[in-house]
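Data first, discussion second: the structure below is written as structure tokens.
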Amino acid sequence: MAEDLKTGHPESAPPPGEASEALSPKAVPPATASPATVPPKSGRSGAAWWGTARQVGLRLLLGAVTIAVVVTATFALLYVVPGDPARGIAGPRATPELLERIREQLHLTAPLWEQYWEYVKGVFTGDLGESYQRGTSVATLIGDRLPSTLLLCAAALFVEILLGAALGTWEALRGRRLMPVLMTNIALLAVPAFALGYLFLLAFGYGLGIAPVSNGADAAHLVLPAIVLGLTGVPYYASVVRDGMAATLASPHVRTAVAKGLSRPAVLRRHVLRCTLSPVLTMAGMDVAIFVSNVVFVETIFGWPGIGRLQVTAFADQDRPVLMGTVVVAAILVVLGNLLADTLRSVVDPRSRQELTT
């Protein structure tokens with residue numbers, strides 16, 4: 001099937017054997033195509049819209065529960081870890097009276113359940129507290145750095161989808177596993193994000209001198225961290241695109257389209273790419289969680305002013321409000337990323353709409 005699309009002459013006689021029978025009009029007439037392969041009608045009834053809205057609302061509710069669990073777990077872990085924020089603020093030579101006064105100002109002398117309840121109420125009202133070290137609102141600190149992190153994640157997502165889709169499409173159209181693609185995927189999977197970041201920084205920053213190595217948030221400083229963060233996901237997208245395209249190329253409705261004389265670009269555009277895009281969007285939603293973990297290393301290595309770097313600084317300073325605020329924002333980004341991916345799937349793939357309404 002892949003070789004037929006490569007030749008660009010689907011109107012020629014099909015190859016002998018099983019593929020020939022599958023591509024012949026007699027074998028798969030349009031009228032007898034399987035109902036499961038026929039795309040549903042584009043029109044949507046009121047019941048379908050209501051079913052979609054109900055599922056979106058349910059996912060938002062589950063997302064809120066997920067955020068509450070993350071807040072609870074983070075709060076418990078931070079208060080189990082040894083360390084005194086008052087000592088970090090006042091210094092090692094502070095008197096006991098000064099330390100006690102600082103603890104009272106930070107409400108650290110209140111019972112633990114009361115501190116937890118006040119923090120949970122603040123999270124769901126948008127108040128993440130104030131930084132112990134900076135004396136600034138945590139929401140303000142995160143809001144100033146969040147656009148930089150979102151820009152880095154968007155650029156990295158573009159890199160990994162572009163390269164992964166190219167490798168996967170190449171393999172799918174060739175109809176067999178290619179050694180260069182296999183070796184590339186293994187190499188990218190074997191190297192962690194922080195090690196790959198240091199290699200790129202040493203090679204292109206200090207060695208060749210073609211990339212800036214100082215802190216910054218402009219386009220020149222974006223290239224290396226976006227490539228490093230994006231390369232970590234290329235093998236997964238390559239595998240998903242290859243498997244999705246191979247399954248779609250072997251499906252009856254694509255064989256019927258080829259037998260009817262549609263050109264290669266038309267078959268790829270109307271049938272293959274649209275079906276392959278759905279799992280790619282699903283993986284893109286899951287990638288938000290991967291980015292949240294890897295962005296901490298990448299931003300620290302390249303000096304990118306995002307929330308990942310802010311999180312590392314807060315951990316070193318024992319700044320609990322800032323550290324908890326970055327974790328909460330990361331959980332919100334994961335929930336919203338998956339919800340956005342599911343919404344886009346329902347737009348580009350009619351089959352996913354049936355999944356939402358059932």
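Residue numbering restarts at 1 for every chain of the structure tokens, chains are lettered A, B, ... in their displayed order, and ligands are numbered from 1 as they appear.
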**Prompt:** Do you know which residues are at most 6 Å from stretch 308-319 of chain A counting only C-alpha atoms, after dropping those on the same chain fewer than 3 positions away, and could you put them as a PyMOL selection string?
**Reply:** chain A and resi 132+295-296+299-300+322-323
**Prompt:** Which residues, written as JSON, numbers by chain, have at least one atom at most 7 Å from stretch 196-211 of chain A, with only C-alpha atoms counted and residues fewer than 4 positions away on the same chain left out?
**Reply:** {"A": [191, 192, 228, 298, 301]}
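Our summary of the geometry notes that atom CA of A:Leu62 is positioned 15.8 Å from atom CA of A:Ala330.
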**Item:** A:Trp50, A:Trp117, A:Phe194, A:Tyr236 ranked by distance to A:Gly168, top pick (using only C-alpha atoms)
**Value:**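 So, comparing all the options, the nearest one is A:Tyr236.
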**Request:** Pick out the closest residue to A:Leu188 from this set: A:Ala165, A:Leu224, A:Pro147, A:Pro235. Count only C-alpha atoms.
**Result:** A:Pro235
**Complete:** Shortest contact to A:Gly175, candidates A:Ala73, A:Pro225, A:Val334, A:Leu249, atoms counted only C-alpha atoms, goes to A:Leu249
**Request:** Using atom CA of A:Ala172 and atom CA of A:Arg242 as the two end points, give the distance in Å to one decimal.
**Result:**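 Going from atom CA of A:Ala172 over to atom CA of A:Arg242, I get 5.0 Å.
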**Asked** Within 8 Å of A:Tyr237, counting only C-alpha atoms, which residues qualify if same-chain residues fewer than 5 places away don't, as a PyMOL selection string?
**Response** chain A and resi 160-161+164-165+168+280+283
**Request:** Name all residues at most 10 Å from A:Phe291 (count only C-alpha atoms; drop same-chain ones fewer than 2 positions away) and give them as a list in words.
**Result:**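 So the residues in contact are Thr149, Leu150, Leu152, Cys153, Ala154, Ala156, Leu157, Leu229, Gly230, Thr232, Gly233, Met286, Asp287, Val288, Ala289, Ser293, Asn294, Val295, Val296, Val298, Gly308, Ala330 and Val334 of chain A.
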**Request:** Report the residues of stretch 39-276 of chain A whose backbone DSSP state falls under alpha helix (DSSP H), written as a ChimeraX atom specification.
**Result:** /A:46-80,85-90,96-105,112-123,138-174,179-190,193-200,219-231,234-249,252-259,264-267,273-276
**Request:** One decimal, Å: what's the distance from atom CA of A:Gln115 over to atom CA of A:Arg93, could you say?
**Result:**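 Computed distance, atom CA of A:Gln115 to atom CA of A:Arg93, equals 27.1 Å.
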